[in-house]
$ cat structure-v6.cif   # mmCIF, C-alpha atoms
data_start
loop_
_atom_site.group_PDB
_atom_site.id
_atom_site.type_symbol
_atom_site.label_atom_id
_atom_site.label_comp_id
_atom_site.auth_asym_id
_atom_site.auth_seq_id
_atom_site.Cartn_x
_atom_site.Cartn_y
_atom_site.Cartn_z
ATOM 1 C CA MET Q 201 0.000 0.000 0.000
ATOM 2 C CA ARG Q 202 2.877 2.382 0.737
ATOM 3 C CA ASP Q 203 3.994 2.110 -2.902
ATOM 4 C CA GLU Q 204 0.484 3.011 -4.096
ATOM 5 C CA ILE Q 205 0.440 6.039 -1.816
ATOM 6 C CA ARG Q 206 3.909 7.073 -2.970
ATOM 7 C CA ALA Q 207 2.640 6.879 -6.578
ATOM 8 C CA LEU Q 208 -0.312 9.133 -5.676
ATOM 9 C CA VAL Q 209 2.040 11.684 -4.111
ATOM 10 C CA GLU Q 210 4.498 11.512 -7.018
ATOM 11 C CA ALA Q 211 1.635 12.157 -9.467
ATOM 12 C CA LEU Q 212 0.575 15.363 -7.700
ATOM 13 C CA THR Q 213 1.538 18.609 -9.385
ATOM 14 C CA PRO Q 214 2.197 21.122 -6.590
ATOM 15 C CA GLY Q 215 0.158 24.301 -6.801
ATOM 16 C CA ASP Q 216 2.672 26.442 -4.937
ATOM 17 C CA GLU Q 217 6.042 26.373 -3.199
ATOM 18 C CA LEU Q 218 4.629 25.151 0.119
ATOM 19 C CA GLU Q 219 2.859 22.217 -1.491
ATOM 20 C CA ALA Q 220 6.105 21.382 -3.327
ATOM 21 C CA ARG Q 221 7.915 21.299 0.050
ATOM 22 C CA HIS Q 222 5.149 19.168 1.573
ATOM 23 C CA ARG Q 223 5.371 16.786 -1.380
ATOM 24 C CA ALA Q 224 9.153 16.454 -0.951
ATOM 25 C CA GLU Q 225 8.764 15.914 2.834
ATOM 26 C CA THR Q 226 6.105 13.277 2.233
ATOM 27 C CA LEU Q 227 8.172 11.395 -0.333
ATOM 28 C CA ALA Q 228 11.154 11.417 2.051
ATOM 29 C CA TRP Q 229 8.923 10.165 4.890
ATOM 30 C CA LEU Q 230 7.503 7.382 2.700
ATOM 31 C CA ALA Q 231 11.041 6.349 1.718
ATOM 32 C CA ARG Q 232 12.203 5.954 5.320
ATOM 33 C CA THR Q 233 9.223 4.223 6.958
ATOM 34 C CA ALA Q 234 6.557 1.647 6.305
ATOM 35 C CA ASP Q 235 4.657 2.799 9.403
ATOM 36 C CA ILE Q 236 2.293 5.333 7.803
ATOM 37 C CA PHE Q 237 -1.098 4.484 9.320
ATOM 38 C CA ARG Q 238 -2.347 5.626 12.718
ATOM 39 C CA ARG Q 239 -2.472 2.615 14.997
ATOM 40 C CA GLU Q 240 -3.165 4.256 18.339
ATOM 41 C CA LYS Q 241 -5.168 7.421 19.079
ATOM 42 C CA PRO Q 242 -4.357 10.221 18.949
ATOM 43 C CA ARG Q 243 -0.829 10.237 17.604
ATOM 44 C CA THR Q 244 0.929 6.919 17.122
ATOM 45 C CA PRO Q 245 2.858 7.005 14.917
ATOM 46 C CA SER Q 246 3.530 10.609 14.064
ATOM 47 C CA PRO Q 247 3.320 11.446 11.255
ATOM 48 C CA HIS Q 248 0.463 9.379 9.867
ATOM 49 C CA LEU Q 249 -1.839 9.485 6.859
ATOM 50 C CA VAL Q 250 -5.163 11.371 6.654
ATOM 51 C CA ALA Q 251 -7.665 11.718 3.797
ATOM 52 C CA TYR Q 252 -9.561 15.008 3.626
ATOM 53 C CA PHE Q 253 -12.366 15.561 1.163
ATOM 54 C CA LEU Q 254 -14.033 18.739 0.007
ATOM 55 C CA LEU Q 255 -17.671 18.373 -0.873
ATOM 56 C CA ARG Q 256 -17.823 21.087 -3.552
ATOM 57 C CA ASP Q 257 -20.754 22.733 -5.304
ATOM 58 C CA VAL Q 258 -19.548 23.668 -8.788
ATOM 59 C CA THR Q 259 -22.218 26.348 -9.254
ATOM 60 C CA ASP Q 260 -20.253 28.819 -7.114
ATOM 61 C CA GLY Q 261 -17.227 26.834 -5.889
ATOM 62 C CA ALA Q 262 -18.592 26.660 -2.338
ATOM 63 C CA VAL Q 263 -17.283 23.869 -0.110
ATOM 64 C CA LEU Q 264 -18.848 22.177 2.868
ATOM 65 C CA LEU Q 265 -16.895 22.632 6.100
ATOM 66 C CA VAL Q 266 -17.538 21.210 9.538
ATOM 67 C CA ASP Q 267 -17.031 22.935 12.873
ATOM 68 C CA HIS Q 268 -14.930 20.135 14.337
ATOM 69 C CA ARG Q 269 -15.341 19.660 18.095
ATOM 70 C CA LYS Q 270 -11.826 18.365 18.861
ATOM 71 C CA ALA Q 271 -9.914 20.659 16.493
ATOM 72 C CA GLY Q 272 -11.956 23.739 17.436
ATOM 73 C CA MET Q 273 -12.034 25.040 13.877
ATOM 74 C CA TRP Q 274 -13.806 24.734 10.548
ATOM 75 C CA LEU Q 275 -12.320 21.857 8.538
ATOM 76 C CA PRO Q 276 -13.060 19.783 5.484
ATOM 77 C CA THR Q 277 -14.485 16.410 6.369
ATOM 78 C CA GLY Q 278 -12.223 13.402 6.376
ATOM 79 C CA GLY Q 279 -10.400 11.031 8.626
ATOM 80 C CA HIS Q 280 -7.450 8.847 9.372
ATOM 81 C CA VAL Q 281 -6.530 6.222 6.820
ATOM 82 C CA GLU Q 282 -6.903 2.801 8.432
ATOM 83 C CA PRO Q 283 -4.016 0.301 8.221
ATOM 84 C CA GLY Q 284 -3.948 -1.200 4.734
ATOM 85 C CA GLU Q 285 -6.759 1.059 3.483
ATOM 86 C CA HIS Q 286 -6.410 3.045 0.260
ATOM 87 C CA PRO Q 287 -7.055 6.775 0.909
ATOM 88 C CA ALA Q 288 -9.882 6.844 -1.685
ATOM 89 C CA GLU Q 289 -11.557 4.072 0.303
ATOM 90 C CA THR Q 290 -11.132 6.195 3.434
ATOM 91 C CA VAL Q 291 -13.029 8.982 1.647
ATOM 92 C CA ARG Q 292 -15.851 6.579 0.708
ATOM 93 C CA ARG Q 293 -16.100 5.339 4.306
ATOM 94 C CA GLU Q 294 -15.803 8.721 6.004
ATOM 95 C CA VAL Q 295 -18.337 10.592 3.835
ATOM 96 C CA VAL Q 296 -20.979 8.028 4.786
ATOM 97 C CA GLU Q 297 -19.978 8.017 8.473
ATOM 98 C CA GLU Q 298 -19.777 11.803 8.777
ATOM 99 C CA LEU Q 299 -22.473 13.083 6.387
ATOM 100 C CA CYS Q 300 -24.579 10.036 5.379
ATOM 101 C CA VAL Q 301 -24.079 10.589 1.647
ATOM 102 C CA PRO Q 302 -22.195 8.533 -0.958
ATOM 103 C CA ALA Q 303 -18.841 9.675 -2.355
ATOM 104 C CA VAL Q 304 -19.056 11.107 -5.864
ATOM 105 C CA PHE Q 305 -15.491 11.876 -6.902
ATOM 106 C CA ALA Q 306 -15.280 15.059 -8.968
ATOM 107 C CA PRO Q 307 -13.459 15.444 -12.276
ATOM 108 C CA PRO Q 308 -10.751 16.052 -13.284
ATOM 109 C CA HIS Q 309 -9.113 14.360 -10.276
ATOM 110 C CA GLY Q 310 -11.525 11.500 -9.747
ATOM 111 C CA GLU Q 311 -10.150 9.089 -7.144
ATOM 112 C CA ARG Q 312 -6.753 10.813 -7.035
ATOM 113 C CA PRO Q 313 -5.894 13.511 -4.502
ATOM 114 C CA ALA Q 314 -5.876 17.112 -5.704
ATOM 115 C CA PHE Q 315 -3.727 18.547 -2.912
ATOM 116 C CA LEU Q 316 -1.283 17.532 -0.190
ATOM 117 C CA THR Q 317 -0.447 19.069 3.183
ATOM 118 C CA VAL Q 318 1.784 18.237 6.124
ATOM 119 C CA THR Q 319 0.359 19.832 9.267
ATOM 120 C CA GLU Q 320 1.023 19.885 12.986
ATOM 121 C CA THR Q 321 -2.313 19.321 14.694
ATOM 122 C CA VAL Q 322 -3.830 21.566 17.342
ATOM 123 C CA GLY Q 323 -4.718 20.395 20.823
ATOM 124 C CA GLY Q 324 -2.933 19.642 24.034
ATOM 125 C CA PRO Q 325 0.760 18.691 24.110
ATOM 126 C CA ALA Q 326 -0.054 15.000 24.640
ATOM 127 C CA ASP Q 327 -2.252 14.978 21.502
ATOM 128 C CA ARG Q 328 -0.006 16.927 19.119
ATOM 129 C CA HIS Q 329 1.231 15.100 16.053
ATOM 130 C CA THR Q 330 1.767 15.520 12.323
ATOM 131 C CA ASP Q 331 -0.885 14.665 9.749
ATOM 132 C CA VAL Q 332 0.102 13.977 6.155
ATOM 133 C CA SER Q 333 -3.170 14.798 4.410
ATOM 134 C CA LEU Q 334 -4.248 13.846 0.913
ATOM 135 C CA TRP Q 335 -7.115 16.104 -0.190
ATOM 136 C CA TYR Q 336 -9.826 14.753 -2.495
ATOM 137 C CA VAL Q 337 -12.664 16.633 -4.199
ATOM 138 C CA LEU Q 338 -16.230 15.311 -4.217
ATOM 139 C CA SER Q 339 -19.153 16.665 -6.202
ATOM 140 C CA GLY Q 340 -21.857 18.068 -3.995
ATOM 141 C CA SER Q 341 -24.755 20.476 -3.918
ATOM 142 C CA ARG Q 342 -26.088 22.911 -1.355
ATOM 143 C CA ASP Q 343 -29.473 21.236 -1.926
ATOM 144 C CA GLN Q 344 -28.433 17.694 -1.026
ATOM 145 C CA LYS Q 345 -29.618 16.262 2.263
ATOM 146 C CA LEU Q 346 -26.802 15.766 4.758
ATOM 147 C CA VAL Q 347 -26.933 14.119 8.172
ATOM 148 C CA PRO Q 348 -23.813 15.387 9.957
ATOM 149 C CA ASP Q 349 -22.344 13.434 12.879
ATOM 150 C CA PRO Q 350 -23.269 15.514 15.975
ATOM 151 C CA GLY Q 351 -20.634 13.711 18.039
ATOM 152 C CA GLU Q 352 -17.846 15.099 15.868
ATOM 153 C CA PHE Q 353 -19.254 18.416 14.645
ATOM 154 C CA ARG Q 354 -20.831 21.455 16.291
ATOM 155 C CA GLY Q 355 -22.174 22.450 12.906
ATOM 156 C CA VAL Q 356 -21.743 22.341 9.139
ATOM 157 C CA ARG Q 357 -22.070 25.029 6.507
ATOM 158 C CA TRP Q 358 -21.210 25.850 2.924
ATOM 159 C CA TRP Q 359 -18.411 28.396 2.486
ATOM 160 C CA THR Q 360 -17.698 30.308 -0.720
ATOM 161 C CA PRO Q 361 -14.051 30.882 -1.656
ATOM 162 C CA ARG Q 362 -14.486 34.544 -0.703
ATOM 163 C CA GLU Q 363 -15.758 33.599 2.775
ATOM 164 C CA VAL Q 364 -12.826 31.218 3.231
ATOM 165 C CA ALA Q 365 -10.379 33.993 2.291
ATOM 166 C CA ALA Q 366 -12.032 36.378 4.779
ATOM 167 C CA ALA Q 367 -12.198 33.874 7.663
ATOM 168 C CA GLU Q 368 -10.495 34.643 10.939
ATOM 169 C CA PRO Q 369 -7.078 32.914 11.107
ATOM 170 C CA GLY Q 370 -7.074 30.035 13.548
ATOM 171 C CA ARG Q 371 -10.779 29.344 13.030
ATOM 172 C CA ILE Q 372 -10.457 27.623 9.656
ATOM 173 C CA GLU Q 373 -8.134 24.980 8.211
ATOM 174 C CA PRO Q 374 -4.959 26.956 7.418
ATOM 175 C CA HIS Q 375 -4.304 25.394 3.979
ATOM 176 C CA LEU Q 376 -7.880 25.605 2.691
ATOM 177 C CA ALA Q 377 -7.534 28.923 0.833
ATOM 178 C CA ARG Q 378 -4.479 27.537 -0.992
ATOM 179 C CA MET Q 379 -6.424 24.418 -1.973
ATOM 180 C CA LEU Q 380 -9.304 26.489 -3.331
ATOM 181 C CA ALA Q 381 -6.862 28.701 -5.250
ATOM 182 C CA LYS Q 382 -5.341 25.594 -6.815
ATOM 183 C CA LEU Q 383 -8.787 24.313 -7.818
ATOM 184 C CA SER Q 384 -9.727 27.649 -9.373
ATOM 185 C CA ARG Q 385 -6.668 27.498 -11.667
ATOM 186 C CA ARG Q 386 -7.893 24.256 -13.264
#
$ encode --input "structure-v6.cif" --output "structure tokens"
Amino acid sequence: MRDEIRALVEALTPGDELEARHRAETLAWLARTADIFRREKPRTPSPHLVAYFLLRDVTDGAVLLVDHRKAGMWLPTGGHVEPGEHPAETVRREVVEELCVPAVFAPPHGERPAFLTVTETVGGPADRHTDVSLWYVLSGSRDQKLVPDPGEFRGVRWWTPREVAAAEPGRIEPHLARMLAKLSRR
């Protein structure tokens, strides 16, 4: 599975200098370890693999974000990649668990990630760790019925790219505006 994930990362075209650095860091990490899946909550091993997904409405580019209870900020939905699980399968599993809708992978990326980040998580010192996150894009609509997981989220809402850009720092996923900028260039 590590070789498949390395191939996904190698196939990514970085959208900016930071994503290029994250890609290089990730490839170096994949070359030195086979231990890439979280085995013990919250942080063993660190780093470990995460699959984010943006449910995106193409009519105005809005994305669904969740007010995540543990992180204390607005994030894309997603989750930790289980041992031996392909990240696209993680997306399929998590979208049903978190929103009760099926995954509809959006073109042109389909079941390949569109973006990559390496991020130190927020939280207490005992919980801090590094997430290597592959970001996928799913087709969605503001009109579709969602059933968000109330145990994980305080709320959900659609955010336009302009609202993301204007959001208060520290209250929204820090790489999200870069991801949306990359998508808008396609």
$ closest_atom_pairs --input "structure-v6.cif" --of "range 277-346 of chain Q" --to "range 210-217 of chain Q" --cutoff "9 Å" --atoms "only C-alpha atoms" --output "tab-separated table"
residue	atom	partner	partner_atom	distance
Q:Arg312	CA	Q:Leu212	CA	8.7
Q:Pro313	CA	Q:Leu212	CA	7.5
Q:Ala314	CA	Q:Leu212	CA	7.0
Q:Phe315	CA	Q:Leu212	CA	7.2
Q:Leu316	CA	Q:Leu212	CA	8.0
$ atom_distance --input "structure-v6.cif" --atom1 "CA of Gly272 in chain Q" --atom2 "CA of Thr290 in chain Q"
22.5 Å
$ atom_distance --input "structure-v6.cif" --atom1 "CA of Glu294 in chain Q" --atom2 "CA of Arg223 in chain Q"
23.8 Å
$ residues_around --input "structure-v6.cif" --residues "range 355-363 of chain Q" --least-positions-apart "3" --cutoff "12 Å" --atoms "all atoms listed in the file" --output "ChimeraX atom specification"
/Q:254-269,272-277,298-299,340-344,346-352,366-368,372,376-384
$ resolve_selection --input "structure-v6.cif" --expression "the PyMOL selection byres ((chain Q and resi 307) around 9)" --output "list in words"
Phe305, Ala306, Pro308, His309, Gly310, Glu311, Val337, Leu338 and Ser339 of chain Q
$ closest_residue --input "structure-v6.cif" --among "Q:Glu320, Q:Glu204, Q:Glu373, Q:Glu225" --to "Glu285 in chain Q" --atoms "only C-alpha atoms"
Q:Glu204
$ axis_aligned_box --input "structure-v6.cif" --around "range 368-375 of chain Q" --padding-each-side "4 Å" --output "lines of an AutoDock Vina configuration file"
center_x = -7.5
center_y = 29.8
center_z = 8.8
size_x = 14.5
size_y = 17.7
size_z = 17.6
$ atom_distance --input "structure-v6.cif" --atom1 "CA of Val281 in chain Q" --atom2 "CA of Val364 in chain Q"
26.0 Å
$ closest_residue --input "structure-v6.cif" --among "Q:Ile205, Q:Ala271, Q:Ala220, Q:Ala228" --to "Arg328 in chain Q" --atoms "all atoms listed in the file"
Q:Ala271
$ residues_around --input "structure-v6.cif" --residues "Arg238 in chain Q" --least-positions-apart "2" --cutoff "12 Å" --atoms "only C-alpha atoms" --output "list in words"
Ala234, Asp235, Ile236, Glu240, Lys241, Pro242, Arg243, Thr244, Pro245, Ser246, Pro247, His248, Leu249, Val250, Gly279, His280, Val281, Glu282, Pro283, Gly284, Glu285, His329, Thr330, Asp331 and Val332 of chain Q
$ closest_residue --input "structure-v6.cif" --among "Q:Ala303, Q:Ala231, Q:Glu289, Q:Phe353" --to "Ala251 in chain Q" --atoms "all atoms listed in the file"
Q:Glu289
$ closest_residue --input "structure-v6.cif" --among "Q:Val296, Q:Ala365, Q:Ala207, Q:Leu218" --to "Thr319 in chain Q" --atoms "all atoms listed in the file"
Q:Leu218
$ decode --input "structure-v6.cif" --residues "range 275-289 of chain Q" --atoms "N, CA, C and O atoms" --output "JSON list (two decimals), in the first residue's frame"
[["chain", "number", "residue", "atom", "x", "y", "z"],
["Q", 275, "LEU", "N", -13.18, 22.74, 9.32],
["Q", 275, "LEU", "CA", -12.32, 21.86, 8.54],
["Q", 275, "LEU", "C", -13.11, 21.18, 7.42],
["Q", 275, "LEU", "O", -14.33, 21.03, 7.54],
["Q", 276, "PRO", "N", -12.40, 20.71, 6.41],
["Q", 276, "PRO", "CA", -13.06, 19.78, 5.48],
["Q", 276, "PRO", "C", -13.33, 18.48, 6.24],
["Q", 276, "PRO", "O", -12.69, 18.20, 7.26],
["Q", 277, "THR", "N", -14.25, 17.71, 5.77],
["Q", 277, "THR", "CA", -14.48, 16.41, 6.37],
["Q", 277, "THR", "C", -13.38, 15.45, 5.94],
["Q", 277, "THR", "O", -12.67, 15.69, 4.97],
["Q", 278, "GLY", "N", -13.25, 14.38, 6.68],
["Q", 278, "GLY", "CA", -12.22, 13.40, 6.38],
["Q", 278, "GLY", "C", -11.87, 12.60, 7.60],
["Q", 278, "GLY", "O", -12.55, 12.68, 8.63],
["Q", 279, "GLY", "N", -10.79, 11.84, 7.49],
["Q", 279, "GLY", "CA", -10.40, 11.03, 8.63],
["Q", 279, "GLY", "C", -9.09, 10.31, 8.40],
["Q", 279, "GLY", "O", -8.47, 10.41, 7.34],
["Q", 280, "HIS", "N", -8.69, 9.61, 9.42],
["Q", 280, "HIS", "CA", -7.45, 8.85, 9.37],
["Q", 280, "HIS", "C", -7.60, 7.64, 8.46],
["Q", 280, "HIS", "O", -8.64, 6.98, 8.45],
["Q", 281, "VAL", "N", -6.56, 7.38, 7.70],
["Q", 281, "VAL", "CA", -6.53, 6.22, 6.82],
["Q", 281, "VAL", "C", -6.21, 5.01, 7.69],
["Q", 281, "VAL", "O", -5.22, 4.99, 8.42],
["Q", 282, "GLU", "N", -7.08, 4.01, 7.63],
["Q", 282, "GLU", "CA", -6.90, 2.80, 8.43],
["Q", 282, "GLU", "C", -5.76, 1.95, 7.87],
["Q", 282, "GLU", "O", -5.49, 2.01, 6.67],
["Q", 283, "PRO", "N", -5.10, 1.16, 8.71],
["Q", 283, "PRO", "CA", -4.02, 0.30, 8.22],
["Q", 283, "PRO", "C", -4.46, -0.55, 7.02],
["Q", 283, "PRO", "O", -5.49, -1.21, 7.06],
["Q", 284, "GLY", "N", -3.68, -0.44, 5.95],
["Q", 284, "GLY", "CA", -3.95, -1.20, 4.73],
["Q", 284, "GLY", "C", -5.03, -0.63, 3.84],
["Q", 284, "GLY", "O", -5.30, -1.17, 2.77],
["Q", 285, "GLU", "N", -5.65, 0.46, 4.24],
["Q", 285, "GLU", "CA", -6.76, 1.06, 3.48],
["Q", 285, "GLU", "C", -6.21, 2.05, 2.46],
["Q", 285, "GLU", "O", -5.32, 2.84, 2.77],
["Q", 286, "HIS", "N", -6.76, 2.04, 1.26],
["Q", 286, "HIS", "CA", -6.41, 3.04, 0.26],
["Q", 286, "HIS", "C", -7.10, 4.35, 0.66],
["Q", 286, "HIS", "O", -8.25, 4.34, 1.12],
["Q", 287, "PRO", "N", -6.44, 5.51, 0.51],
["Q", 287, "PRO", "CA", -7.05, 6.78, 0.91],
["Q", 287, "PRO", "C", -8.40, 7.06, 0.23],
["Q", 287, "PRO", "O", -9.28, 7.66, 0.84],
["Q", 288, "ALA", "N", -8.58, 6.64, -1.02],
["Q", 288, "ALA", "CA", -9.88, 6.84, -1.69],
["Q", 288, "ALA", "C", -10.97, 6.04, -0.99],
["Q", 288, "ALA", "O", -12.12, 6.47, -0.89],
["Q", 289, "GLU", "N", -10.60, 4.87, -0.47],
["Q", 289, "GLU", "CA", -11.56, 4.07, 0.30],
["Q", 289, "GLU", "C", -11.88, 4.76, 1.63],
["Q", 289, "GLU", "O", -13.02, 4.71, 2.10]]
